[in-house]
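Data block below; observations after.
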Amino acid sequence: MNRLQLASALKTESQEPPGEDLLRGREPVPDVAHGGADSSADIWSLVVTGCLSAAMIASLACRLPRGQTLSWATIVSLSIKYIVVVTVAGAIGTSIPWFFLKEKPSFSLAFLSKKVAVSWIFFPCIFLFYRRQSPLMFPALALATVAVTFSLRRLFPASAPPDEGKLPYWHNADLPNLYGLPIADFRPVRSFFLAICAQAALILATLDQPLSAGILLSMCLSMLVWRWSALVGSAIKQFAGRKQSVLFCAFAICFTVLALLPWVAGKSLGSKQIAHRPALITHEARESDVPGSDYAGIILWPPPIKKTEIVPPKPHTTSFAIGKASKPVVIPFDGQYWYFKAPNKKPGPRAHIAHGRATYVNVHSTDSAPLLMEAYQNLGTAIDLGCCSEIDVAITNADVRPGTIALGIRLADSGSIGEPSQDLGERTIVSSNAAQISLNRPPVEEVLRFPIPRPTTIHRFNEITIVFVSAKERARGGAKVSIQSFTLIPK
């Protein structure tokens, strides 16, 4: 009797109008009602071009900050800016092939863009986490994949089973305690493929291959969610409504802010806490009166700062362990400034020792020969070069003389035979490029980024040398530029 009542109930439910439940929902559902009449190839082409456009702009626009100079308000506004720019780029990428379609889909372009935008909003944090080599890239990628898969399922509704009105076979089974065995419509090949993708993604993540691991993870999750949404129709309403879209936006902003969190301004190591301006000191670089003697030069010591222990970033092979992501390491500059002339490579043993800030001292050559200037930092410990993707140099430029100033970095391993070194190239100080500089211009703070090339000639370094390269018209005087800190960006 119970089976007959259940069969009657199922038959009554099957005779209800198919669109009744859809009309009860809050979301407009032209995708479900008309998705079957639209060309799947055309819709997928719109989705793919939009995602590619959003990803391309995210890779170009979403960059890591150039030093720890961001406030909380700046981080939040920058996160929203990244998300808006990438979303607009995705909408533009979707609209381009839309206008070339001969037969437009039954839904509007805005409707499609809104459905796919739940993945675009996560692109900024995904690219930022990828550049930081942070394991948080995977949760952000997983959330974006799940959101867009459920959203796209509304455009491609699952087809109903052929005998929808009949009772499932297990209602007449002799063993009701084995309900669900064997699984109906079970596809072992697909399940095997999903398992292989999941395990391969985990292995690639531990082998320093986050891009390949992320692709496999996204494939695995999209196929799994796509199949689940076909079997459980209520899941679409639970994950693809308006409230859920707002929640996804909040998650995207939080993830993007989290990706920029290491660059909070308050975490800098106090290079701006000097309250009093030091007295101006003026020196001239000159040679000894005795022919053949060592060149004197000048060694300038900046004001002492509080010593901090340098903890090198962990190698990337262990940085993907959950909860152990390496953070940027800031090393305050407490080394020397060197002023000398060619052909020497550093000041001689009779160099004049001075104390002061490089931004306030006046050092000039006594003849027409250019004055060479370098900043030397001994780290006191060897750092594995393979753990860093780039080195950011925070500087203060107080020079108002015309002429460009460029900085170069040379990393050296003084503990190895021959003291091998690695040059990271040169970067021009942007504030020195101005055609006209006011004499009253306050000091300008900048951060210069130096990516570490691959492969490198050294495997570790314990010395950092900053080479000042001045324009010809100003080469006889030392640059009024001080080094504040070095930031090691984990790989």
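Each chain in the structure tokens gets a letter, A, B, ..., in the order shown, and its residues are numbered from 1; ligands are numbered from 1 in order too.
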Can you check which parts of region 40-134 of chain A lie within 12 Å of region 200-220 of chain A? Per residue, the shortest pair of atoms and distance in Å to one decimal, counting only C-alpha atoms, sorted by chain and number, as a Markdown table.
```
| residue | atom | partner | partner_atom | distance |
| --- | --- | --- | --- | --- |
| A:Ser119 | CA | A:Ser218 | CA | 11.6 |
| A:Ile126 | CA | A:Gly214 | CA | 9.8 |
| A:Phe127 | CA | A:Leu211 | CA | 10.3 |
| A:Phe129 | CA | A:Pro210 | CA | 10.3 |
| A:Tyr130 | CA | A:Pro210 | CA | 7.5 |
| A:Arg131 | CA | A:Pro210 | CA | 10.2 |
| A:Arg132 | CA | A:Pro210 | CA | 11.1 |
| A:Gln133 | CA | A:Pro210 | CA | 7.7 |
| A:Ser134 | CA | A:Pro210 | CA | 9.2 |
```
If you measure from CA of Ile466 (chain A) to CA of Pro262 (chain A), what distance in Å do you get, rounded to one decimal? 24.4 Å
Region 337-386 of chain A: which residues are strand (DSSP E or B) by DSSP, as a VMD selection string? chain A and resid 337 to 340 352 to 355 362 to 365 372 to 384
Between CA of Lys327 (chain A) and CA of Glu390 (chain A), measure the distance and give it in Å to one decimal.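 Interatomic distance here is 12.8 Å.
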Find the nearest atom pair between each residue of region 374-483 of chain A and region 357-367 of chain A for residues within 7 Å, count only C-alpha atoms, give distances in Å to one decimal, sort rows by chain and ascending number, and present the table as CSV.
```
residue,atom,partner,partner_atom,distance
A:Asn397,CA,A:Thr359,CA,6.9
A:Ala398,CA,A:Thr359,CA,5.5
A:Arg476,CA,A:Ser365,CA,5.3
A:Gly477,CA,A:His364,CA,4.3
A:Gly478,CA,A:Val363,CA,5.4
A:Lys480,CA,A:Thr359,CA,4.1
A:Val481,CA,A:Thr359,CA,5.0
A:Ser482,CA,A:Ala358,CA,5.2
```
What separation in Å, quoted to one decimal, exists between CA of Val400 (chain A) and CA of Thr74 (chain A)? 28.4 Å
Identify which of the residues A:Ile437, A:Leu194, A:Val330, A:Leu448 lies closest to Ile395 (chain A), counting only C-alpha atoms when measuring atom-to-atom distances.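 Ranked by minimum distance to Ile395 (chain A), first place goes to A:Leu448.
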Can you list, as a list in words, every protein, DNA or RNA residue that comes within 7 Å of His352 (chain A) when you count only C-alpha atoms, leaving out same-chain residues fewer than 3 positions away?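 Returned residues: Ala296, Gly297, Ile298 and Ile299 of chain A.
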What would the file look like if the residues just selected were written as a compact mmCIF listing (two decimals), in the first residue's frame with all heavy atoms?
```txt
# COMPACT_ATOMS: atom_id res chain seq x y z
N ALA A 296 91.79 57.57 -1.84
CA ALA A 296 91.16 57.73 -0.53
C ALA A 296 89.67 57.44 -0.60
O ALA A 296 89.19 56.42 -0.12
CB ALA A 296 91.42 59.14 0.00
N GLY A 297 88.88 58.36 -1.21
CA GLY A 297 87.44 58.17 -1.28
C GLY A 297 86.78 58.45 0.05
O GLY A 297 87.39 58.93 1.01
N ILE A 298 85.48 58.16 0.13
CA ILE A 298 84.69 58.44 1.33
C ILE A 298 83.80 57.23 1.62
O ILE A 298 83.23 56.64 0.72
CB ILE A 298 83.82 59.70 1.14
CG1 ILE A 298 84.70 60.94 1.00
CG2 ILE A 298 82.84 59.88 2.30
CD1 ILE A 298 83.91 62.18 0.66
N ILE A 299 83.70 56.91 2.90
CA ILE A 299 82.75 55.91 3.38
C ILE A 299 81.78 56.62 4.31
O ILE A 299 82.17 57.19 5.33
CB ILE A 299 83.45 54.75 4.11
CG1 ILE A 299 84.39 54.00 3.15
CG2 ILE A 299 82.43 53.80 4.72
CD1 ILE A 299 85.17 52.88 3.81
```
What's the 9 Å shell around Leu109 (chain A), counting only C-alpha atoms, without same-chain residues fewer than 2 positions away, as a ChimeraX atom specification? /A:91,94-95,98,105,107,111-114
For N, CA and C atoms, I'd like the residues from the last selection saved as a short mmCIF file (atom, residue, chain, number, x, y, z; two decimals), in the first residue's frame.
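Writing the result to out_8.cif gives the following:
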```cif
data_model
loop_
_atom_site.label_atom_id
_atom_site.label_comp_id
_atom_site.auth_asym_id
_atom_site.auth_seq_id
_atom_site.Cartn_x
_atom_site.Cartn_y
_atom_site.Cartn_z
N ALA A 91 33.63 41.68 -19.55
CA ALA A 91 32.40 42.06 -20.25
C ALA A 91 32.69 42.51 -21.67
N THR A 94 33.43 39.51 -23.79
CA THR A 94 32.23 38.76 -24.14
C THR A 94 31.42 39.47 -25.21
N SER A 95 31.41 40.79 -25.17
CA SER A 95 30.58 41.55 -26.12
C SER A 95 31.13 41.53 -27.54
N TRP A 98 29.83 38.59 -29.37
CA TRP A 98 28.37 38.66 -29.34
C TRP A 98 27.81 39.36 -30.58
N PRO A 105 21.50 34.63 -28.83
CA PRO A 105 20.84 33.75 -27.85
C PRO A 105 19.56 34.39 -27.33
N PHE A 107 18.78 35.01 -24.33
CA PHE A 107 19.02 35.89 -23.20
C PHE A 107 19.87 37.07 -23.64
N PHE A 111 22.84 39.62 -19.11
CA PHE A 111 22.52 38.43 -18.33
C PHE A 111 23.67 37.43 -18.36
N LEU A 112 24.23 37.21 -19.54
CA LEU A 112 25.35 36.28 -19.66
C LEU A 112 26.57 36.79 -18.91
N SER A 113 26.88 38.08 -19.04
CA SER A 113 28.04 38.64 -18.36
C SER A 113 27.90 38.52 -16.84
N LYS A 114 26.68 38.71 -16.35
CA LYS A 114 26.47 38.60 -14.90
C LYS A 114 26.69 37.17 -14.42
#
```
Find the spatial neighbours of Val118 (chain A), counting only C-alpha atoms, within a cut-off of 8 Å - ignore same-chain residues fewer than 5 positions away - and output them as a list in words. Ala144, Ala147, Val148, Ser151, Ser245, Phe248 and Cys249 of chain A
File of the preceding selection, all heavy atoms, as a PDB file, in the first residue's frame:
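This is the output file again.pdb:
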```
ATOM      1  N   ALA A 144      36.192  30.108  -7.274  1.00  0.00           N
ATOM      2  CA  ALA A 144      35.804  30.665  -8.573  1.00  0.00           C
ATOM      3  C   ALA A 144      35.267  29.583  -9.499  1.00  0.00           C
ATOM      4  O   ALA A 144      34.285  29.791 -10.228  1.00  0.00           O
ATOM      5  CB  ALA A 144      37.002  31.372  -9.208  1.00  0.00           C
ATOM      6  N   ALA A 147      31.748  28.487  -8.333  1.00  0.00           N
ATOM      7  CA  ALA A 147      30.748  29.532  -8.591  1.00  0.00           C
ATOM      8  C   ALA A 147      30.364  29.604 -10.061  1.00  0.00           C
ATOM      9  O   ALA A 147      29.175  29.656 -10.409  1.00  0.00           O
ATOM     10  CB  ALA A 147      31.295  30.884  -8.111  1.00  0.00           C
ATOM     11  N   VAL A 148      31.355  29.616 -10.949  1.00  0.00           N
ATOM     12  CA  VAL A 148      31.039  29.755 -12.371  1.00  0.00           C
ATOM     13  C   VAL A 148      30.407  28.479 -12.925  1.00  0.00           C
ATOM     14  O   VAL A 148      29.584  28.533 -13.843  1.00  0.00           O
ATOM     15  CB  VAL A 148      32.314  30.134 -13.161  1.00  0.00           C
ATOM     16  CG1 VAL A 148      33.258  28.955 -13.295  1.00  0.00           C
ATOM     17  CG2 VAL A 148      31.939  30.665 -14.539  1.00  0.00           C
ATOM     18  N   SER A 151      26.809  28.595 -11.997  1.00  0.00           N
ATOM     19  CA  SER A 151      26.170  29.662 -12.753  1.00  0.00           C
ATOM     20  C   SER A 151      25.951  29.261 -14.208  1.00  0.00           C
ATOM     21  O   SER A 151      24.906  29.556 -14.803  1.00  0.00           O
ATOM     22  CB  SER A 151      27.007  30.941 -12.668  1.00  0.00           C
ATOM     23  OG  SER A 151      26.350  32.030 -13.258  1.00  0.00           O
ATOM     24  N   SER A 245      25.552  35.512  -5.179  1.00  0.00           N
ATOM     25  CA  SER A 245      26.429  36.373  -5.977  1.00  0.00           C
ATOM     26  C   SER A 245      27.039  37.481  -5.124  1.00  0.00           C
ATOM     27  O   SER A 245      28.235  37.797  -5.246  1.00  0.00           O
ATOM     28  CB  SER A 245      25.645  36.976  -7.148  1.00  0.00           C
ATOM     29  OG  SER A 245      25.142  35.966  -8.000  1.00  0.00           O
ATOM     30  N   PHE A 248      29.707  35.894  -3.047  1.00  0.00           N
ATOM     31  CA  PHE A 248      30.920  35.643  -3.831  1.00  0.00           C
ATOM     32  C   PHE A 248      31.720  36.938  -4.021  1.00  0.00           C
ATOM     33  O   PHE A 248      32.956  36.922  -3.987  1.00  0.00           O
ATOM     34  CB  PHE A 248      30.561  35.037  -5.181  1.00  0.00           C
ATOM     35  CG  PHE A 248      30.176  33.590  -5.113  1.00  0.00           C
ATOM     36  CD1 PHE A 248      29.090  33.103  -5.832  1.00  0.00           C
ATOM     37  CD2 PHE A 248      30.897  32.706  -4.332  1.00  0.00           C
ATOM     38  CE1 PHE A 248      28.728  31.778  -5.765  1.00  0.00           C
ATOM     39  CE2 PHE A 248      30.542  31.375  -4.261  1.00  0.00           C
ATOM     40  CZ  PHE A 248      29.449  30.907  -4.974  1.00  0.00           C
ATOM     41  N   CYS A 249      31.032  38.050  -4.239  1.00  0.00           N
ATOM     42  CA  CYS A 249      31.731  39.334  -4.364  1.00  0.00           C
ATOM     43  C   CYS A 249      32.468  39.679  -3.080  1.00  0.00           C
ATOM     44  O   CYS A 249      33.608  40.162  -3.117  1.00  0.00           O
ATOM     45  CB  CYS A 249      30.736  40.438  -4.718  1.00  0.00           C
ATOM     46  SG  CYS A 249      30.058  40.347  -6.392  1.00  0.00           S
TER      47      CYS A 249
END
```
Write out as a PyMOL selection string the residues lying within 10 Å of Leu221 (chain A), counting only C-alpha atoms and excluding same-chain residues fewer than 3 positions away. chain A and resi 141-143+145-146+149+194+197-198+216-218+224-227
Dump N, CA, C and O atoms for the selected residues as a PDB file, in the first residue's frame?
```pdb
ATOM      1  N   LEU A 141      40.930  29.773  -6.401  1.00  0.00           N
ATOM      2  CA  LEU A 141      40.636  29.151  -7.694  1.00  0.00           C
ATOM      3  C   LEU A 141      39.489  28.158  -7.567  1.00  0.00           C
ATOM      4  O   LEU A 141      38.617  28.081  -8.455  1.00  0.00           O
ATOM      5  N   ALA A 142      39.465  27.396  -6.481  1.00  0.00           N
ATOM      6  CA  ALA A 142      38.381  26.429  -6.277  1.00  0.00           C
ATOM      7  C   ALA A 142      37.040  27.141  -6.119  1.00  0.00           C
ATOM      8  O   ALA A 142      36.021  26.711  -6.689  1.00  0.00           O
ATOM      9  N   LEU A 143      37.020  28.225  -5.359  1.00  0.00           N
ATOM     10  CA  LEU A 143      35.774  28.956  -5.168  1.00  0.00           C
ATOM     11  C   LEU A 143      35.280  29.560  -6.483  1.00  0.00           C
ATOM     12  O   LEU A 143      34.080  29.540  -6.783  1.00  0.00           O
ATOM     13  N   THR A 145      35.898  28.409  -9.488  1.00  0.00           N
ATOM     14  CA  THR A 145      35.451  27.320 -10.355  1.00  0.00           C
ATOM     15  C   THR A 145      34.064  26.832  -9.973  1.00  0.00           C
ATOM     16  O   THR A 145      33.195  26.628 -10.837  1.00  0.00           O
ATOM     17  N   VAL A 146      33.830  26.651  -8.678  1.00  0.00           N
ATOM     18  CA  VAL A 146      32.523  26.190  -8.221  1.00  0.00           C
ATOM     19  C   VAL A 146      31.440  27.210  -8.560  1.00  0.00           C
ATOM     20  O   VAL A 146      30.348  26.865  -9.037  1.00  0.00           O
ATOM     21  N   THR A 149      30.752  27.320 -12.373  1.00  0.00           N
ATOM     22  CA  THR A 149      30.141  26.079 -12.862  1.00  0.00           C
ATOM     23  C   THR A 149      28.657  26.032 -12.538  1.00  0.00           C
ATOM     24  O   THR A 149      27.827  25.682 -13.391  1.00  0.00           O
ATOM     25  N   LEU A 194      38.678  11.942 -12.684  1.00  0.00           N
ATOM     26  CA  LEU A 194      38.627  12.949 -11.628  1.00  0.00           C
ATOM     27  C   LEU A 194      39.620  12.630 -10.516  1.00  0.00           C
ATOM     28  O   LEU A 194      40.286  13.529  -9.986  1.00  0.00           O
ATOM     29  N   CYS A 197      43.112  13.490 -11.754  1.00  0.00           N
ATOM     30  CA  CYS A 197      43.330  14.943 -11.788  1.00  0.00           C
ATOM     31  C   CYS A 197      43.566  15.504 -10.393  1.00  0.00           C
ATOM     32  O   CYS A 197      44.453  16.340 -10.184  1.00  0.00           O
ATOM     33  N   ALA A 198      42.793  15.041  -9.420  1.00  0.00           N
ATOM     34  CA  ALA A 198      42.945  15.543  -8.057  1.00  0.00           C
ATOM     35  C   ALA A 198      44.308  15.174  -7.489  1.00  0.00           C
ATOM     36  O   ALA A 198      44.998  16.011  -6.877  1.00  0.00           O
ATOM     37  N   LEU A 216      44.652  21.631 -13.321  1.00  0.00           N
ATOM     38  CA  LEU A 216      44.062  20.328 -13.044  1.00  0.00           C
ATOM     39  C   LEU A 216      43.002  20.420 -11.950  1.00  0.00           C
ATOM     40  O   LEU A 216      41.959  19.758 -12.018  1.00  0.00           O
ATOM     41  N   LEU A 217      43.261  21.225 -10.936  1.00  0.00           N
ATOM     42  CA  LEU A 217      42.275  21.400  -9.874  1.00  0.00           C
ATOM     43  C   LEU A 217      40.976  22.005 -10.418  1.00  0.00           C
ATOM     44  O   LEU A 217      39.876  21.573 -10.061  1.00  0.00           O
ATOM     45  N   SER A 218      41.109  22.994 -11.283  1.00  0.00           N
ATOM     46  CA  SER A 218      39.925  23.619 -11.860  1.00  0.00           C
ATOM     47  C   SER A 218      39.156  22.638 -12.740  1.00  0.00           C
ATOM     48  O   SER A 218      37.918  22.584 -12.698  1.00  0.00           O
ATOM     49  N   LEU A 224      33.247  17.773 -11.537  1.00  0.00           N
ATOM     50  CA  LEU A 224      32.530  17.219 -10.388  1.00  0.00           C
ATOM     51  C   LEU A 224      31.269  18.016 -10.091  1.00  0.00           C
ATOM     52  O   LEU A 224      30.180  17.451  -9.888  1.00  0.00           O
ATOM     53  N   VAL A 225      31.390  19.334 -10.070  1.00  0.00           N
ATOM     54  CA  VAL A 225      30.238  20.183  -9.782  1.00  0.00           C
ATOM     55  C   VAL A 225      29.228  20.116 -10.918  1.00  0.00           C
ATOM     56  O   VAL A 225      28.007  20.150 -10.696  1.00  0.00           O
ATOM     57  N   TRP A 226      29.700  20.020 -12.140  1.00  0.00           N
ATOM     58  CA  TRP A 226      28.797  19.932 -13.287  1.00  0.00           C
ATOM     59  C   TRP A 226      27.919  18.685 -13.201  1.00  0.00           C
ATOM     60  O   TRP A 226      26.711  18.729 -13.457  1.00  0.00           O
ATOM     61  N   ARG A 227      28.533  17.580 -12.806  1.00  0.00           N
ATOM     62  CA  ARG A 227      27.774  16.341 -12.666  1.00  0.00           C
ATOM     63  C   ARG A 227      26.845  16.404 -11.459  1.00  0.00           C
ATOM     64  O   ARG A 227      25.695  15.956 -11.518  1.00  0.00           O
TER      65      ARG A 227
END
```
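The shortest atom-to-atom distance to Gln422 (chain A), with only C-alpha atoms taken into account, belongs to A:Phe461 out of A:Phe461, A:Phe450, A:Trp72, A:Phe122.
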